[in-house]
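Q: Before we start, here is the structure in question, set down as structure tokens.
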Amino acid sequence: MAETAKILCPDKKVLIPDLNAGCSLADECPEDDFKRFINQNPDHYVISYINCSAAVKAQSDLICTSSNAVDLVKQIPKNVPIIFAPDKNLGRWVEKESGRSMKLWPGSCSVHETFSEEAVIKMKIKYPESEIIAHPECTEVLLNHADFIGSTSKLLNHVQRSSAREFIVLTEPGIIHQMELIEPSKDYFDVPGIDGCSCNECPYMRLNTIEKVICSLESLSPELELEKEISLKALKPIQRMLEMSK
Ligand code: SF4
């Protein structure tokens, strides 16, 4: 996210309160391996989910978000083969929704892979009136249980519009705080990880504490720097996404 802000606004200062606050999904798609993958499939149009590194964006034709991925894939002519990276779970869901078959990079988010199907079933038994809502980065087996699947913004809109009063939330549980703010009269339940652990919480996001944000604002550091060449190349597929999303 910080890299995308810097790519879009190269003249502005972008601070990262903790430089280790990366993303497991981005880490699972190393630049050189991705280059090899593209070279092995030279005639493919490359679509990358925004949760990837600037170097991977720079090798892509189009960037998408979980909100616009289905719509963008549908806009690519049917005779053009597509590579979709780096999230295979999101890619599989997009395939289903768009009716397109794509070559998927085999990456995933370690947080969304952690949710336990058994725990979801037990919670549904405990709260039978609840709706199960899920982010498409979840595995297919979990998405099959969901009443509603959508991006972060779509999940937030959904809890406001839905007639349900209770929700079992299958995504990073930090979203529950926002749900409670926008729709405080409803109840939200997060799902524990496999073996009841709390690894459903993103360890990377949790590194950005309020203390580090204050410290970063006071010292105006650490500042994110990007190679100019990568930044310029990565800007094109982001601009293409913005144009195609109008
Ligand atoms: S939850 Fe964490 S690891 Fe997963 S995609 Fe988001 S930032 Fe990356």
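We name chains A, B, ... following the order of the structure tokens; residues begin at 1 in each chain, and ligands are numbered from 1 as shown.
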Sorted by chain and rising residue number, list the residues of stretch 46-126 of chain A at most 6 Å from stretch 131-155 of chain A (counting only C-alpha atoms), each with its closest atom pair and distance in Å to one decimal, as JSON lines.
A:
{"residue": "A:Ser66", "atom": "CA", "partner": "A:Ser151", "partner_atom": "CA", "distance": 5.2}
{"residue": "A:Ser67", "atom": "CA", "partner": "A:Ser151", "partner_atom": "CA", "distance": 5.1}
{"residue": "A:Asn89", "atom": "CA", "partner": "A:Glu137", "partner_atom": "CA", "distance": 5.3}
{"residue": "A:Leu90", "atom": "CA", "partner": "A:Glu137", "partner_atom": "CA", "distance": 4.9}
{"residue": "A:His112", "atom": "CA", "partner": "A:Cys138", "partner_atom": "CA", "distance": 4.9}
Q: How would the residues just chosen look if you wrote them out with C-alpha atoms as a short mmCIF file (atom, residue, chain, number, x, y, z; two decimals), in the first residue's frame?
A:
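File produced: selection36.cif:
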data_model
loop_
_atom_site.label_atom_id
_atom_site.label_comp_id
_atom_site.auth_asym_id
_atom_site.auth_seq_id
_atom_site.Cartn_x
_atom_site.Cartn_y
_atom_site.Cartn_z
CA SER A 66 -10.44 -7.28 -4.84
CA SER A 67 -13.28 -4.83 -5.48
CA ASN A 89 -7.61 -17.91 -3.91
CA LEU A 90 -8.72 -14.53 -5.20
CA HIS A 112 -6.71 -15.85 5.06
#
Q: To check your reading of the model: which residues sit at most 7 Å from ligand 1 when counting only C-alpha atoms and all ligand atoms? Write the answer as an NGL selection string.
A: :A and (22-26 or 51 or 109-112 or 172 or 202-205)
Q: What's the 7 Å shell around A:Lys88, counting only C-alpha atoms, without same-chain residues fewer than 6 positions away, as a PDB file with N, CA and C atoms, in the first residue's frame?
A:
ATOM      1  N   LEU A 104      -2.925 -19.097 -12.843  1.00  0.00           N
ATOM      2  CA  LEU A 104      -2.808 -18.467 -11.517  1.00  0.00           C
ATOM      3  C   LEU A 104      -1.409 -18.645 -10.934  1.00  0.00           C
ATOM      4  N   TRP A 105      -0.848 -17.548 -10.446  1.00  0.00           N
ATOM      5  CA  TRP A 105       0.382 -17.640  -9.660  1.00  0.00           C
ATOM      6  C   TRP A 105       0.006 -18.292  -8.322  1.00  0.00           C
ATOM      7  N   PRO A 106       0.824 -19.250  -7.825  1.00  0.00           N
ATOM      8  CA  PRO A 106       0.384 -20.029  -6.653  1.00  0.00           C
ATOM      9  C   PRO A 106       0.641 -19.378  -5.291  1.00  0.00           C
ATOM     10  N   GLY A 107       0.335 -18.095  -5.154  1.00  0.00           N
ATOM     11  CA  GLY A 107       0.549 -17.425  -3.859  1.00  0.00           C
ATOM     12  C   GLY A 107      -0.743 -17.321  -3.067  1.00  0.00           C
ATOM     13  N   SER A 108      -0.612 -16.978  -1.785  1.00  0.00           N
ATOM     14  CA  SER A 108      -1.804 -16.775  -0.949  1.00  0.00           C
ATOM     15  C   SER A 108      -1.428 -15.941   0.264  1.00  0.00           C
TER      16      SER A 108
END
Q: Pick from A:Val56, A:Ile176, A:Val46, A:Cys29: nearest to A:Asp87, with only C-alpha atoms counted?
A: A:Cys29
Q: Counting only C-alpha atoms, figure out which residue out of A:Gln239, A:Ser53, A:Ser219, A:Ser116 gets nearest to A:Glu3.
A: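 Closest to A:Glu3, using only C-alpha atoms: A:Ser53.
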Q: Give the answer as one residue: which of A:Asn39, A:Ser98, A:Ser130, A:Thr4 has the shortest atom-to-atom distance to A:Tyr188, using only C-alpha atoms?
A: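 Smallest distance to A:Tyr188 is found for A:Ser130.
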Q: Enumerate, as a PyMOL selection string, the complete set of residues in stretch 110-211 of chain A that a backbone-based DSSP assignment places in strand (DSSP E or B).
A: chain A and resi 115+131-134+148-149+166-170+187-190+193
Q: Taking N, CA and C atoms for each residue, export the selection above as a PDB file, in the first residue's frame.
A:
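Output saved as out-v8.pdb:
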ATOM      1  N   PHE A 115      -7.904 -19.533   8.519  1.00  0.00           N
ATOM      2  CA  PHE A 115      -9.222 -19.740   9.123  1.00  0.00           C
ATOM      3  C   PHE A 115      -9.609 -21.216   9.100  1.00  0.00           C
ATOM      4  N   GLU A 131     -25.086 -14.319   9.313  1.00  0.00           N
ATOM      5  CA  GLU A 131     -24.623 -14.453   7.922  1.00  0.00           C
ATOM      6  C   GLU A 131     -23.117 -14.659   7.963  1.00  0.00           C
ATOM      7  N   ILE A 132     -22.624 -15.555   7.117  1.00  0.00           N
ATOM      8  CA  ILE A 132     -21.172 -15.720   6.992  1.00  0.00           C
ATOM      9  C   ILE A 132     -20.719 -14.826   5.844  1.00  0.00           C
ATOM     10  N   ILE A 133     -19.824 -13.891   6.149  1.00  0.00           N
ATOM     11  CA  ILE A 133     -19.338 -12.988   5.100  1.00  0.00           C
ATOM     12  C   ILE A 133     -17.827 -13.164   4.982  1.00  0.00           C
ATOM     13  N   ALA A 134     -17.321 -13.167   3.752  1.00  0.00           N
ATOM     14  CA  ALA A 134     -15.917 -13.541   3.547  1.00  0.00           C
ATOM     15  C   ALA A 134     -15.237 -12.678   2.496  1.00  0.00           C
ATOM     16  N   PHE A 148     -22.101 -14.179   1.680  1.00  0.00           N
ATOM     17  CA  PHE A 148     -21.713 -13.001   0.893  1.00  0.00           C
ATOM     18  C   PHE A 148     -20.187 -12.958   0.815  1.00  0.00           C
ATOM     19  N   ILE A 149     -19.670 -12.699  -0.406  1.00  0.00           N
ATOM     20  CA  ILE A 149     -18.221 -12.603  -0.614  1.00  0.00           C
ATOM     21  C   ILE A 149     -17.927 -11.231  -1.212  1.00  0.00           C
ATOM     22  N   GLU A 166     -26.461 -10.516  12.887  1.00  0.00           N
ATOM     23  CA  GLU A 166     -25.201 -11.120  13.347  1.00  0.00           C
ATOM     24  C   GLU A 166     -24.382 -11.568  12.140  1.00  0.00           C
ATOM     25  N   PHE A 167     -23.064 -11.405  12.253  1.00  0.00           N
ATOM     26  CA  PHE A 167     -22.191 -11.767  11.125  1.00  0.00           C
ATOM     27  C   PHE A 167     -20.974 -12.541  11.621  1.00  0.00           C
ATOM     28  N   ILE A 168     -20.681 -13.634  10.931  1.00  0.00           N
ATOM     29  CA  ILE A 168     -19.425 -14.363  11.151  1.00  0.00           C
ATOM     30  C   ILE A 168     -18.477 -13.840  10.073  1.00  0.00           C
ATOM     31  N   VAL A 169     -17.378 -13.231  10.521  1.00  0.00           N
ATOM     32  CA  VAL A 169     -16.546 -12.449   9.598  1.00  0.00           C
ATOM     33  C   VAL A 169     -15.270 -13.206   9.228  1.00  0.00           C
ATOM     34  N   LEU A 170     -15.178 -13.593   7.960  1.00  0.00           N
ATOM     35  CA  LEU A 170     -14.022 -14.342   7.475  1.00  0.00           C
ATOM     36  C   LEU A 170     -13.062 -13.422   6.723  1.00  0.00           C
ATOM     37  N   ASP A 187     -24.016  -7.498  15.680  1.00  0.00           N
ATOM     38  CA  ASP A 187     -22.929  -8.250  16.329  1.00  0.00           C
ATOM     39  C   ASP A 187     -22.043  -8.920  15.292  1.00  0.00           C
ATOM     40  N   TYR A 188     -20.745  -8.910  15.569  1.00  0.00           N
ATOM     41  CA  TYR A 188     -19.757  -9.452  14.626  1.00  0.00           C
ATOM     42  C   TYR A 188     -18.859 -10.445  15.363  1.00  0.00           C
ATOM     43  N   PHE A 189     -18.616 -11.575  14.727  1.00  0.00           N
ATOM     44  CA  PHE A 189     -17.766 -12.605  15.356  1.00  0.00           C
ATOM     45  C   PHE A 189     -16.608 -12.931  14.427  1.00  0.00           C
ATOM     46  N   ASP A 190     -15.394 -12.855  14.960  1.00  0.00           N
ATOM     47  CA  ASP A 190     -14.268 -13.278  14.132  1.00  0.00           C
ATOM     48  C   ASP A 190     -14.079 -14.779  14.290  1.00  0.00           C
ATOM     49  N   GLY A 193      -8.134 -19.135  14.185  1.00  0.00           N
ATOM     50  CA  GLY A 193      -7.331 -19.896  13.235  1.00  0.00           C
ATOM     51  C   GLY A 193      -7.398 -21.384  13.549  1.00  0.00           C
TER      52      GLY A 193
END
Q: Compile the contact shell of A:Ile47 as a list in words: residues with an atom at most 8 Å away, counting only C-alpha atoms, same-chain residues fewer than 6 positions apart removed.
A: Ser60, Asp61, Leu62, Ile63, Cys64, Ile82, Ile83, Phe84 and Ala85 of chain A
Q: For the residues selected in the previous step, produce a file with N, CA and C atoms as an mmCIF file, in the first residue's frame.
A:
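Below is the file that was written, out-v8.cif:
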data_model
loop_
_atom_site.group_PDB
_atom_site.id
_atom_site.type_symbol
_atom_site.label_atom_id
_atom_site.label_comp_id
_atom_site.auth_asym_id
_atom_site.auth_seq_id
_atom_site.Cartn_x
_atom_site.Cartn_y
_atom_site.Cartn_z
ATOM 1 N N SER A 60 3.611 -6.010 -14.768
ATOM 2 C CA SER A 60 2.206 -6.330 -15.056
ATOM 3 C C SER A 60 1.625 -5.402 -16.116
ATOM 4 N N ASP A 61 0.561 -5.889 -16.760
ATOM 5 C CA ASP A 61 -0.157 -5.038 -17.723
ATOM 6 C C ASP A 61 -1.265 -4.254 -17.037
ATOM 7 N N LEU A 62 -1.798 -4.854 -15.975
ATOM 8 C CA LEU A 62 -2.956 -4.241 -15.310
ATOM 9 C C LEU A 62 -2.949 -4.616 -13.832
ATOM 10 N N ILE A 63 -3.267 -3.642 -12.984
ATOM 11 C CA ILE A 63 -3.405 -3.913 -11.545
ATOM 12 C C ILE A 63 -4.902 -3.948 -11.231
ATOM 13 N N CYS A 64 -5.291 -4.780 -10.272
ATOM 14 C CA CYS A 64 -6.697 -4.795 -9.849
ATOM 15 C C CYS A 64 -6.757 -4.796 -8.331
ATOM 16 N N ILE A 82 -4.805 -14.982 -19.859
ATOM 17 C CA ILE A 82 -4.479 -14.095 -18.730
ATOM 18 C C ILE A 82 -3.645 -14.831 -17.679
ATOM 19 N N ILE A 83 -2.626 -14.128 -17.180
ATOM 20 C CA ILE A 83 -1.932 -14.555 -15.944
ATOM 21 C C ILE A 83 -2.527 -13.722 -14.830
ATOM 22 N N PHE A 84 -2.888 -14.367 -13.715
ATOM 23 C CA PHE A 84 -3.395 -13.617 -12.559
ATOM 24 C C PHE A 84 -2.488 -13.911 -11.371
ATOM 25 N N ALA A 85 -2.001 -12.840 -10.721
ATOM 26 C CA ALA A 85 -1.079 -13.000 -9.586
ATOM 27 C C ALA A 85 -1.408 -11.957 -8.507
#
Q: Which of these residues is nearest to A:Gln75, using only C-alpha atoms: A:Pro10, A:Gly91, A:Gly174, A:Gly99?
A: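 Answer, going by the shortest atom-to-atom distance: A:Gly99.
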Q: What does the distance between atom CA of A:Ile238 and atom CA of A:Cys52 come to in Å, to one decimal place?
A: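 These atoms are spaced 12.1 Å apart.
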